[in-house]
Each structure stands twice: as C-alpha cells, then as structure tokens.
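*Asks:* Encoded as structure tokens, here's the structure I'll be asking about.
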Amino acid sequence: MAYLTKIGIAGALIVATIAVAPGGSAARSYSEVQLRGNEFLKSDDILAVCDISEDENFTSSTKAEIRQCLMSTGQFGGVKFVPEGDTMVIEVEELNSRPGRFEVGLQVDSEEGPIGTVYFERYNLFPGTFGAIELRFSEEFSELTTSLYRKDAFANGWDLGLDTSVTDARYDDQSYEHRRAFIEPYVARKFAGGGRGEIGLGYRSDTIRNVSATSSALIKADAGARREAYLRLSYRHTAENWEAEAKQFFFGLGTGNVISQTQVSAGTRFAIDPDNLVLALRMEGGHVSSLKGPPARISDRFFTSGTALRGFASRGIGPRDGADFLGGENYLVGSVELQKSIGQVFGTPARIGGFVDVGSAWGLSNTLGGGVNDGLDWRASAGLSMTLEFGNVPVSFYLAEPVRKQPGDEIQNFGLSISARF
C-alpha cells in the first residue's frame, strides 16, 4: 500500500510515497475513525491528507506510517492513537503556524444548482488569532461569512471568537426575499469528556422584502426589517460513537418582541457485524415561540425537508396558505440508515445505504382564524443512498420515495451533491 500525501491544508501540494513494510502488530479493524485535538484544521481534510479511513488495519507499522505522513505536513507537533471500543481515535496536536489557505470550490446540488465558494483562512492573521472568510453564491442566494478565533484568550481555558455573516436569499419557490446580517462575539470553552460550550451576544438585521402581492397575509404581516440584539447559548458533546448538540437563542433583547428559539440534534453510528455494516441514527428538532409581543416571523420558523427529510423538497412541507409554505414553530426529523462499504466502484471506495426518514413541521400562533392547517401531520420516506469519492471530489446521491405525505407537499425523489475544491 502507498500513501499519497495531499497537503492541500498546508496551502501547497506535497506528494510523498511511503512504502508499507510487512509485519507489525495484529490487525484490528474499526467501524469509525475520529480526530481529536484539532481546533482549526477540518477533520475531513486531516483524514484525506494520508487517506486514513476505517478500512485501515491499524497495525503498528500502519500507525507509524500514518504518524510519519501527518508529521511530514509540518502542521502537527504530535500524533497519538487511542482506540476506544470500535472507534480508532487519532489525537493530534496542532502547531497553529501554517501561513494560510486559499480555495475556490464548486458544488452541484440537484435542487439549488451550481454553488460557488471562495474560501481563505490564516493562522496568526492577527497575533495568536485564527481568521477565515468564505463566500458562497448561486443563482438564488449569496452568503458571506467571516470568523476570528483566539484560543485561551481568558483564564481557565476560555476562548474568544467573533462571527459575522450576510445572507441574501431569493428562492423562486417563495413569494418574498430574505436578507439577514449579524455580528456575534462569543466565548467558548472545552470541558473534560468531550463537551464544548459557547455563549454569544450578537446583533442582527433581519429583513423580509419584495413580498408578492399574492403572498399570504401572514407573510405580508412579516414584511419589513427588524434590528435587534440577541443571546446564544450552545453546548456540544462528542463521545466515542455519538454526538449531541443543543442551541438556545433569545432574539429581540431590549425590545417589545422577544423570541425564544431552541434547536437540538443527536446522532450515533455503530457497527453491527464484522463486515463493516453500520447503523446510523439521527434526530433533530426545534421549537420557536414568542416570550413577549407578536409571534415569531417566518424567517425564524422552521422549514425542514431536502437533505434532512429525503423525498421532500426543501421548504416543501408544513403549514401552507395557498401556494406559500409558511414554516412551522415546531419541527422534528428522525432517520435510520443501514450503511455498508462495497469496495471499489469505478475505481473509488463506495458505500451504499438504505434509509427511512420520518418528520414534520407544524404549529402556528396565527392560523388566520383557522384558515391554515398547522396540525402535526407526519411525513415518511424510504430510499437508497450511495457515497463515492473520486480523488478529492466527494459525490453523494440518493433515491427516495415518500411513503406518507400530505396533499400539497413538494416531492423530491432524487438528490445529488458533487463538491470540488481547486
């Protein structure tokens, strides 16, 4: 076996071939490989550097070669292997010294169409501070985000960050346009056992504009701009083979309209046989309500479907008034998927899966006197998925068929995503 070292994360391409010597400790396969200790480098990028996957046998010689490969990038001060049950954990120590990375990307989504990305990041953009900027754009939306992050900015391991974003959405299946901008300084801290908490105090501008004359009365009532302070509390926990996250927002601080928005998600993966048959479970949900003043606007309600509820189009289920989907004040989605590696397809590793997705979006504080059906009506779909990776170009697609739907739901039977960075 040979390792092709693709040091895209170092801002240059370094090719190194390392021959694998025979021998080493007894082979042991794992159902999952996790990265720990990486603050800024993406886990997928680190794994791709030396083609690391759960298919490795992780003998002593293989570990030595992976360590040598990662250390040769110049981005790490140390690499450790810490097996935890069926998961191989690779702990890395980042040096935080690389000069930066610039990437231009193109993604093809079956629903959104071509999506372009421009991304730049740099350690020590300011002394001891990581900085990043990303632009994403398509025919129907554009988004510019920036991030600054300083580790150990305060005592007791508290970090400091600053996020900003400007988004402009003009979806042709909606009768309005939505523009949002925010700036949010926050503090963050890691906790023992895999936990991480964040506290953010931000300010945002949220605008519903260019509302069609034929729009629902509920959308017309939401038209206009709101500018307000908000508080964000979040906690994420990552364990051996599962992770969970909770976010709590309080929008409109100091105004006559205070909105509470809660979001939760959890997922787990575990092997159920020695042939790398994996069961993946996922759940996410949310609730938004008014603590003071008018109900939550359409821009704070939940639209779920698309990749979360396969078989249904994005923004295509839930309470509806005429042709306008209004989003729900509640949503819940669950997924069960059985995945298996099938070896090489077209010369690249492939994994197939069979899944069942169940979910809904429901609930409105204002139903126009009962004219809008906002009841809890479950949707469900079943289908097949496949993931491939041609070099550094991941390709994923699915076929899904709704097995429980409601009149007026927008259906999407096929999804395809292709991503490439240059």
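In the structure tokens, the first chain shown is A, the next is B, and so on; residue numbers restart at 1 for each chain, and ligands run from 1 in the order shown.
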Find the residues near A:Leu338: any atom within 6 Å, counting only C-alpha atoms, skip ones fewer than 6 places away on the same chain, and give them as a ChimeraX atom specification.
*Replies:* /A:278-279,353-354
*Asks:* Do you know which residues are at most 6 Å from A:Glu329 counting only C-alpha atoms, after dropping those on the same chain fewer than 3 positions away, and could you put them as a list in words?
*Replies:*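 What passes the distance filter is His287, Val288, Arg301, Gly363 and Leu364 of chain A.
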*Asks:* Skip stretch 211-226 of chain A itself and residues of its chain fewer than 2 positions away, then list as an MDAnalysis selection string all residues within 9 Å of it, counting only C-alpha atoms.
*Replies:* chainID A and resid 174:177 204:209 228 252 297:299 320:324 326 366:368
*Asks:* Here is a test: counting only C-alpha atoms, which residue of A:Asn276, A:Ser314, A:Gln68, A:Ser360 is nearest to A:Val333?
*Replies:* A:Ser360
*Asks:* Name the closest residue to A:Glu389 among the candidates A:Asp51, A:Glu56, A:Glu32, A:Glu94; distances are taken between atoms, counting only C-alpha atoms.
*Replies:*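 Ranked by minimum distance to A:Glu389, first place goes to A:Asp51.
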*Asks:* Can you pull out every residue within 6 Å of A:Ser335, counting only C-alpha atoms, but drop anything in the same chain fewer than 4 positions away, and send it as a PDB file with all heavy atoms, in the first residue's frame?
*Replies:*
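Result saved to part_6.pdb:
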```
ATOM      1  N   LEU A 281     -28.064   6.461  13.218  1.00  0.00           N
ATOM      2  CA  LEU A 281     -29.307   7.044  13.720  1.00  0.00           C
ATOM      3  C   LEU A 281     -29.113   8.545  13.868  1.00  0.00           C
ATOM      4  O   LEU A 281     -28.054   9.004  14.317  1.00  0.00           O
ATOM      5  CB  LEU A 281     -29.682   6.440  15.079  1.00  0.00           C
ATOM      6  CG  LEU A 281     -29.765   4.913  15.162  1.00  0.00           C
ATOM      7  CD1 LEU A 281     -30.048   4.480  16.595  1.00  0.00           C
ATOM      8  CD2 LEU A 281     -30.833   4.376  14.226  1.00  0.00           C
ATOM      9  N   ARG A 282     -30.123   9.308  13.501  1.00  0.00           N
ATOM     10  CA  ARG A 282     -30.030  10.769  13.569  1.00  0.00           C
ATOM     11  C   ARG A 282     -31.381  11.343  13.977  1.00  0.00           C
ATOM     12  O   ARG A 282     -32.429  10.842  13.585  1.00  0.00           O
ATOM     13  CB  ARG A 282     -29.622  11.339  12.201  1.00  0.00           C
ATOM     14  CG  ARG A 282     -29.598  12.850  12.129  1.00  0.00           C
ATOM     15  CD  ARG A 282     -29.174  13.328  10.738  1.00  0.00           C
ATOM     16  NE  ARG A 282     -30.016  12.766   9.696  1.00  0.00           N
ATOM     17  CZ  ARG A 282     -31.182  13.296   9.318  1.00  0.00           C
ATOM     18  NH1 ARG A 282     -31.651  14.381   9.927  1.00  0.00           N
ATOM     19  NH2 ARG A 282     -31.888  12.744   8.348  1.00  0.00           N
ATOM     20  N   VAL A 356     -34.746   5.111   6.184  1.00  0.00           N
ATOM     21  CA  VAL A 356     -36.116   5.555   6.416  1.00  0.00           C
ATOM     22  C   VAL A 356     -36.038   6.872   7.167  1.00  0.00           C
ATOM     23  O   VAL A 356     -35.377   6.966   8.203  1.00  0.00           O
ATOM     24  CB  VAL A 356     -36.931   4.534   7.229  1.00  0.00           C
ATOM     25  CG1 VAL A 356     -38.304   5.102   7.580  1.00  0.00           C
ATOM     26  CG2 VAL A 356     -37.075   3.214   6.475  1.00  0.00           C
ATOM     27  N   ASP A 357     -36.676   7.919   6.631  1.00  0.00           N
ATOM     28  CA  ASP A 357     -36.735   9.240   7.268  1.00  0.00           C
ATOM     29  C   ASP A 357     -38.178   9.530   7.664  1.00  0.00           C
ATOM     30  O   ASP A 357     -39.109   9.241   6.900  1.00  0.00           O
ATOM     31  CB  ASP A 357     -36.253  10.338   6.313  1.00  0.00           C
ATOM     32  CG  ASP A 357     -34.761  10.272   6.039  1.00  0.00           C
ATOM     33  OD1 ASP A 357     -34.070   9.476   6.697  1.00  0.00           O
ATOM     34  OD2 ASP A 357     -34.294  11.008   5.142  1.00  0.00           O
TER      35      ASP A 357
END
```
*Asks:* Find the spatial neighbours of A:Glu143, counting only C-alpha atoms, within a cut-off of 7 Å - ignore same-chain residues fewer than 5 positions away - and output them as a list in words.
*Replies:* Leu135, Arg136, Phe137, Val166, Thr167 and Asp168 of chain A
*Asks:* Keeping only all heavy atoms, write those residues as a PDB file, in the first residue's frame.
*Replies:*
```pdb
ATOM      1  N   LEU A 135     -17.125  32.970   0.928  1.00  0.00           N
ATOM      2  CA  LEU A 135     -18.207  33.474   0.095  1.00  0.00           C
ATOM      3  C   LEU A 135     -18.845  32.296  -0.616  1.00  0.00           C
ATOM      4  O   LEU A 135     -18.161  31.517  -1.279  1.00  0.00           O
ATOM      5  CB  LEU A 135     -17.673  34.473  -0.929  1.00  0.00           C
ATOM      6  CG  LEU A 135     -18.671  34.966  -1.997  1.00  0.00           C
ATOM      7  CD1 LEU A 135     -19.808  35.753  -1.343  1.00  0.00           C
ATOM      8  CD2 LEU A 135     -17.965  35.805  -3.054  1.00  0.00           C
ATOM      9  N   ARG A 136     -20.177  32.139  -0.462  1.00  0.00           N
ATOM     10  CA  ARG A 136     -20.943  31.108  -1.157  1.00  0.00           C
ATOM     11  C   ARG A 136     -22.030  31.802  -1.977  1.00  0.00           C
ATOM     12  O   ARG A 136     -22.680  32.724  -1.489  1.00  0.00           O
ATOM     13  CB  ARG A 136     -21.580  30.116  -0.175  1.00  0.00           C
ATOM     14  CG  ARG A 136     -20.587  29.395   0.688  1.00  0.00           C
ATOM     15  CD  ARG A 136     -21.277  28.454   1.681  1.00  0.00           C
ATOM     16  NE  ARG A 136     -21.908  27.332   1.002  1.00  0.00           N
ATOM     17  CZ  ARG A 136     -23.211  27.100   0.980  1.00  0.00           C
ATOM     18  NH1 ARG A 136     -24.064  27.936   1.586  1.00  0.00           N
ATOM     19  NH2 ARG A 136     -23.707  26.043   0.347  1.00  0.00           N
ATOM     20  N   PHE A 137     -22.221  31.344  -3.203  1.00  0.00           N
ATOM     21  CA  PHE A 137     -23.184  32.040  -4.054  1.00  0.00           C
ATOM     22  C   PHE A 137     -23.751  31.086  -5.100  1.00  0.00           C
ATOM     23  O   PHE A 137     -23.100  30.141  -5.546  1.00  0.00           O
ATOM     24  CB  PHE A 137     -22.530  33.239  -4.751  1.00  0.00           C
ATOM     25  CG  PHE A 137     -21.264  32.894  -5.502  1.00  0.00           C
ATOM     26  CD1 PHE A 137     -21.305  32.551  -6.845  1.00  0.00           C
ATOM     27  CD2 PHE A 137     -20.035  32.887  -4.855  1.00  0.00           C
ATOM     28  CE1 PHE A 137     -20.142  32.223  -7.537  1.00  0.00           C
ATOM     29  CE2 PHE A 137     -18.874  32.557  -5.543  1.00  0.00           C
ATOM     30  CZ  PHE A 137     -18.929  32.229  -6.884  1.00  0.00           C
ATOM     31  N   VAL A 166     -23.538  37.783   6.232  1.00  0.00           N
ATOM     32  CA  VAL A 166     -24.551  38.489   5.446  1.00  0.00           C
ATOM     33  C   VAL A 166     -25.113  37.484   4.448  1.00  0.00           C
ATOM     34  O   VAL A 166     -24.358  36.886   3.677  1.00  0.00           O
ATOM     35  CB  VAL A 166     -23.968  39.704   4.705  1.00  0.00           C
ATOM     36  CG1 VAL A 166     -25.051  40.367   3.857  1.00  0.00           C
ATOM     37  CG2 VAL A 166     -23.371  40.704   5.675  1.00  0.00           C
ATOM     38  N   THR A 167     -26.434  37.270   4.469  1.00  0.00           N
ATOM     39  CA  THR A 167     -27.087  36.305   3.599  1.00  0.00           C
ATOM     40  C   THR A 167     -28.233  36.968   2.850  1.00  0.00           C
ATOM     41  O   THR A 167     -28.999  37.736   3.432  1.00  0.00           O
ATOM     42  CB  THR A 167     -27.645  35.118   4.404  1.00  0.00           C
ATOM     43  OG1 THR A 167     -26.601  34.535   5.179  1.00  0.00           O
ATOM     44  CG2 THR A 167     -28.226  34.066   3.470  1.00  0.00           C
ATOM     45  N   ASP A 168     -28.327  36.674   1.560  1.00  0.00           N
ATOM     46  CA  ASP A 168     -29.418  37.201   0.732  1.00  0.00           C
ATOM     47  C   ASP A 168     -30.022  36.022  -0.024  1.00  0.00           C
ATOM     48  O   ASP A 168     -29.355  35.412  -0.862  1.00  0.00           O
ATOM     49  CB  ASP A 168     -28.879  38.258  -0.240  1.00  0.00           C
ATOM     50  CG  ASP A 168     -29.998  39.016  -0.941  1.00  0.00           C
ATOM     51  OD1 ASP A 168     -31.160  38.841  -0.544  1.00  0.00           O
ATOM     52  OD2 ASP A 168     -29.700  39.791  -1.868  1.00  0.00           O
TER      53      ASP A 168
END
```
*Asks:* Taking 3 positions as the minimum chain separation for residues in the same chain, which residues sit within 9 Å of A:Pro394 when counting only C-alpha atoms? Answer as an NGL selection string.
*Replies:* :A and (387-391 or 417-420)
*Asks:* Next, the residues of the selection above should be written as a PDB file, in the first residue's frame with N, CA, C and O atoms.
*Replies:*
```
ATOM      1  N   THR A 387     -22.401   6.884  -1.544  1.00  0.00           N
ATOM      2  CA  THR A 387     -21.349   7.898  -1.486  1.00  0.00           C
ATOM      3  C   THR A 387     -20.098   7.353  -2.168  1.00  0.00           C
ATOM      4  O   THR A 387     -19.726   6.194  -1.986  1.00  0.00           O
ATOM      5  N   LEU A 388     -19.481   8.197  -2.957  1.00  0.00           N
ATOM      6  CA  LEU A 388     -18.240   7.889  -3.665  1.00  0.00           C
ATOM      7  C   LEU A 388     -17.282   9.053  -3.463  1.00  0.00           C
ATOM      8  O   LEU A 388     -17.690  10.158  -3.098  1.00  0.00           O
ATOM      9  N   GLU A 389     -16.004   8.824  -3.721  1.00  0.00           N
ATOM     10  CA  GLU A 389     -15.048   9.925  -3.667  1.00  0.00           C
ATOM     11  C   GLU A 389     -13.998   9.719  -4.743  1.00  0.00           C
ATOM     12  O   GLU A 389     -13.162   8.814  -4.654  1.00  0.00           O
ATOM     13  N   PHE A 390     -14.063  10.558  -5.771  1.00  0.00           N
ATOM     14  CA  PHE A 390     -13.112  10.492  -6.871  1.00  0.00           C
ATOM     15  C   PHE A 390     -11.973  11.470  -6.572  1.00  0.00           C
ATOM     16  O   PHE A 390     -12.118  12.680  -6.762  1.00  0.00           O
ATOM     17  N   GLY A 391     -10.870  10.926  -6.068  1.00  0.00           N
ATOM     18  CA  GLY A 391      -9.793  11.815  -5.642  1.00  0.00           C
ATOM     19  C   GLY A 391     -10.259  12.639  -4.461  1.00  0.00           C
ATOM     20  O   GLY A 391     -10.647  12.115  -3.422  1.00  0.00           O
ATOM     21  N   SER A 417     -25.204  15.502  -4.896  1.00  0.00           N
ATOM     22  CA  SER A 417     -24.287  16.542  -4.454  1.00  0.00           C
ATOM     23  C   SER A 417     -22.879  16.176  -4.892  1.00  0.00           C
ATOM     24  O   SER A 417     -22.405  15.050  -4.643  1.00  0.00           O
ATOM     25  N   ILE A 418     -22.222  17.098  -5.574  1.00  0.00           N
ATOM     26  CA  ILE A 418     -20.838  16.925  -6.028  1.00  0.00           C
ATOM     27  C   ILE A 418     -20.056  18.155  -5.573  1.00  0.00           C
ATOM     28  O   ILE A 418     -20.457  19.286  -5.856  1.00  0.00           O
ATOM     29  N   SER A 419     -18.954  17.934  -4.865  1.00  0.00           N
ATOM     30  CA  SER A 419     -18.165  19.065  -4.366  1.00  0.00           C
ATOM     31  C   SER A 419     -16.726  18.913  -4.826  1.00  0.00           C
ATOM     32  O   SER A 419     -16.166  17.813  -4.802  1.00  0.00           O
ATOM     33  N   ALA A 420     -16.146  20.010  -5.237  1.00  0.00           N
ATOM     34  CA  ALA A 420     -14.740  20.012  -5.652  1.00  0.00           C
ATOM     35  C   ALA A 420     -14.098  21.321  -5.228  1.00  0.00           C
ATOM     36  O   ALA A 420     -14.726  22.378  -5.287  1.00  0.00           O
TER      37      ALA A 420
END
```
*Asks:* Write out as a count of residues only which residues come within 9 Å of A:Lys80 when counting only C-alpha atoms, dropping same-chain ones fewer than 4 positions away.
*Replies:* 7
*Asks:* Could you tell me, as a PDB file with N, CA, C and O atoms, in the first residue's frame, which residues of stretch 16-169 of chain A DSSP assigns to helix (DSSP H, G or I) when given the backbone?
*Replies:*
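Output file out.pdb follows:
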```pdb
ATOM      1  N   SER A  43     -11.476  17.973  10.228  1.00  0.00           N
ATOM      2  CA  SER A  43     -11.204  16.546  10.381  1.00  0.00           C
ATOM      3  C   SER A  43     -11.139  15.838   9.040  1.00  0.00           C
ATOM      4  O   SER A  43     -10.262  14.994   8.807  1.00  0.00           O
ATOM      5  N   ASP A  44     -12.074  16.163   8.130  1.00  0.00           N
ATOM      6  CA  ASP A  44     -12.071  15.514   6.814  1.00  0.00           C
ATOM      7  C   ASP A  44     -10.790  15.801   6.055  1.00  0.00           C
ATOM      8  O   ASP A  44     -10.254  14.929   5.356  1.00  0.00           O
ATOM      9  N   ASP A  45     -10.275  17.042   6.187  1.00  0.00           N
ATOM     10  CA  ASP A  45      -9.032  17.390   5.499  1.00  0.00           C
ATOM     11  C   ASP A  45      -7.858  16.597   6.069  1.00  0.00           C
ATOM     12  O   ASP A  45      -6.987  16.124   5.334  1.00  0.00           O
ATOM     13  N   ILE A  46      -7.814  16.460   7.395  1.00  0.00           N
ATOM     14  CA  ILE A  46      -6.710  15.733   8.026  1.00  0.00           C
ATOM     15  C   ILE A  46      -6.734  14.267   7.604  1.00  0.00           C
ATOM     16  O   ILE A  46      -5.692  13.687   7.265  1.00  0.00           O
ATOM     17  N   LEU A  47      -7.916  13.652   7.612  1.00  0.00           N
ATOM     18  CA  LEU A  47      -8.010  12.255   7.217  1.00  0.00           C
ATOM     19  C   LEU A  47      -7.637  12.062   5.751  1.00  0.00           C
ATOM     20  O   LEU A  47      -7.008  11.063   5.379  1.00  0.00           O
ATOM     21  N   ALA A  48      -8.015  13.045   4.908  1.00  0.00           N
ATOM     22  CA  ALA A  48      -7.719  12.927   3.478  1.00  0.00           C
ATOM     23  C   ALA A  48      -6.236  13.088   3.180  1.00  0.00           C
ATOM     24  O   ALA A  48      -5.750  12.591   2.170  1.00  0.00           O
ATOM     25  N   VAL A  49      -5.513  13.785   4.053  1.00  0.00           N
ATOM     26  CA  VAL A  49      -4.086  14.021   3.824  1.00  0.00           C
ATOM     27  C   VAL A  49      -3.347  12.720   3.587  1.00  0.00           C
ATOM     28  O   VAL A  49      -2.520  12.605   2.691  1.00  0.00           O
ATOM     29  N   SER A  60       0.924  -1.846  13.960  1.00  0.00           N
ATOM     30  CA  SER A  60       1.929  -0.902  14.447  1.00  0.00           C
ATOM     31  C   SER A  60       2.657  -0.227  13.295  1.00  0.00           C
ATOM     32  O   SER A  60       2.979   0.968  13.357  1.00  0.00           O
ATOM     33  N   SER A  61       2.917  -0.967  12.216  1.00  0.00           N
ATOM     34  CA  SER A  61       3.605  -0.364  11.082  1.00  0.00           C
ATOM     35  C   SER A  61       2.716   0.650  10.370  1.00  0.00           C
ATOM     36  O   SER A  61       3.174   1.709   9.935  1.00  0.00           O
ATOM     37  N   THR A  62       1.403   0.336  10.265  1.00  0.00           N
ATOM     38  CA  THR A  62       0.482   1.277   9.634  1.00  0.00           C
ATOM     39  C   THR A  62       0.376   2.556  10.456  1.00  0.00           C
ATOM     40  O   THR A  62       0.371   3.664   9.917  1.00  0.00           O
ATOM     41  N   LYS A  63       0.309   2.415  11.767  1.00  0.00           N
ATOM     42  CA  LYS A  63       0.253   3.595  12.639  1.00  0.00           C
ATOM     43  C   LYS A  63       1.498   4.454  12.463  1.00  0.00           C
ATOM     44  O   LYS A  63       1.426   5.687  12.419  1.00  0.00           O
ATOM     45  N   ALA A  64       2.658   3.794  12.373  1.00  0.00           N
ATOM     46  CA  ALA A  64       3.904   4.544  12.207  1.00  0.00           C
ATOM     47  C   ALA A  64       3.898   5.327  10.903  1.00  0.00           C
ATOM     48  O   ALA A  64       4.362   6.472  10.846  1.00  0.00           O
ATOM     49  N   GLU A  65       3.362   4.732   9.850  1.00  0.00           N
ATOM     50  CA  GLU A  65       3.327   5.415   8.563  1.00  0.00           C
ATOM     51  C   GLU A  65       2.341   6.572   8.567  1.00  0.00           C
ATOM     52  O   GLU A  65       2.617   7.642   7.986  1.00  0.00           O
ATOM     53  N   ILE A  66       1.171   6.378   9.214  1.00  0.00           N
ATOM     54  CA  ILE A  66       0.214   7.475   9.319  1.00  0.00           C
ATOM     55  C   ILE A  66       0.820   8.616  10.114  1.00  0.00           C
ATOM     56  O   ILE A  66       0.704   9.787   9.746  1.00  0.00           O
ATOM     57  N   ARG A  67       1.488   8.274  11.234  1.00  0.00           N
ATOM     58  CA  ARG A  67       2.127   9.315  12.047  1.00  0.00           C
ATOM     59  C   ARG A  67       3.180  10.065  11.229  1.00  0.00           C
ATOM     60  O   ARG A  67       3.258  11.291  11.252  1.00  0.00           O
ATOM     61  N   GLN A  68       4.007   9.314  10.493  1.00  0.00           N
ATOM     62  CA  GLN A  68       5.041   9.948   9.679  1.00  0.00           C
ATOM     63  C   GLN A  68       4.427  10.843   8.609  1.00  0.00           C
ATOM     64  O   GLN A  68       4.907  11.957   8.343  1.00  0.00           O
ATOM     65  N   CYS A  69       3.356  10.356   7.995  1.00  0.00           N
ATOM     66  CA  CYS A  69       2.693  11.118   6.943  1.00  0.00           C
ATOM     67  C   CYS A  69       2.129  12.430   7.497  1.00  0.00           C
ATOM     68  O   CYS A  69       2.326  13.499   6.918  1.00  0.00           O
ATOM     69  N   LEU A  70       1.432  12.364   8.638  1.00  0.00           N
ATOM     70  CA  LEU A  70       0.850  13.574   9.221  1.00  0.00           C
ATOM     71  C   LEU A  70       1.929  14.539   9.706  1.00  0.00           C
ATOM     72  O   LEU A  70       1.830  15.757   9.509  1.00  0.00           O
ATOM     73  N   MET A  71       2.979  14.008  10.325  1.00  0.00           N
ATOM     74  CA  MET A  71       4.045  14.877  10.830  1.00  0.00           C
ATOM     75  C   MET A  71       4.792  15.549   9.688  1.00  0.00           C
ATOM     76  O   MET A  71       5.305  16.662   9.835  1.00  0.00           O
ATOM     77  N   ALA A 155      -8.636  33.433  31.195  1.00  0.00           N
ATOM     78  CA  ALA A 155      -8.200  32.429  32.159  1.00  0.00           C
ATOM     79  C   ALA A 155      -9.150  31.234  32.156  1.00  0.00           C
ATOM     80  O   ALA A 155     -10.281  31.303  31.670  1.00  0.00           O
ATOM     81  N   ASN A 156      -8.659  30.108  32.711  1.00  0.00           N
ATOM     82  CA  ASN A 156      -9.442  28.886  32.869  1.00  0.00           C
ATOM     83  C   ASN A 156      -9.882  28.266  31.539  1.00  0.00           C
ATOM     84  O   ASN A 156     -10.912  27.597  31.456  1.00  0.00           O
ATOM     85  N   GLY A 157      -9.100  28.511  30.482  1.00  0.00           N
ATOM     86  CA  GLY A 157      -9.341  27.843  29.211  1.00  0.00           C
ATOM     87  C   GLY A 157     -10.450  28.410  28.367  1.00  0.00           C
ATOM     88  O   GLY A 157     -10.937  27.739  27.454  1.00  0.00           O
TER      89      GLY A 157
END
```
*Asks:* When DSSP is applied to the backbone of this structure, which of stretch 121-244 of chain A are assigned strand (DSSP E or B)? Write them out as an NGL selection string.
*Replies:* :A and (121-126 or 129-137 or 141-150 or 158-169 or 177-191 or 195-209 or 224-238 or 242-244)
*Asks:* Pick from A:Asn330, A:Gln75, A:Thr145, A:Thr348: nearest to A:Phe303, with only C-alpha atoms counted?
*Replies:*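 Counting only C-alpha atoms, the residue closest to A:Phe303 is A:Asn330.
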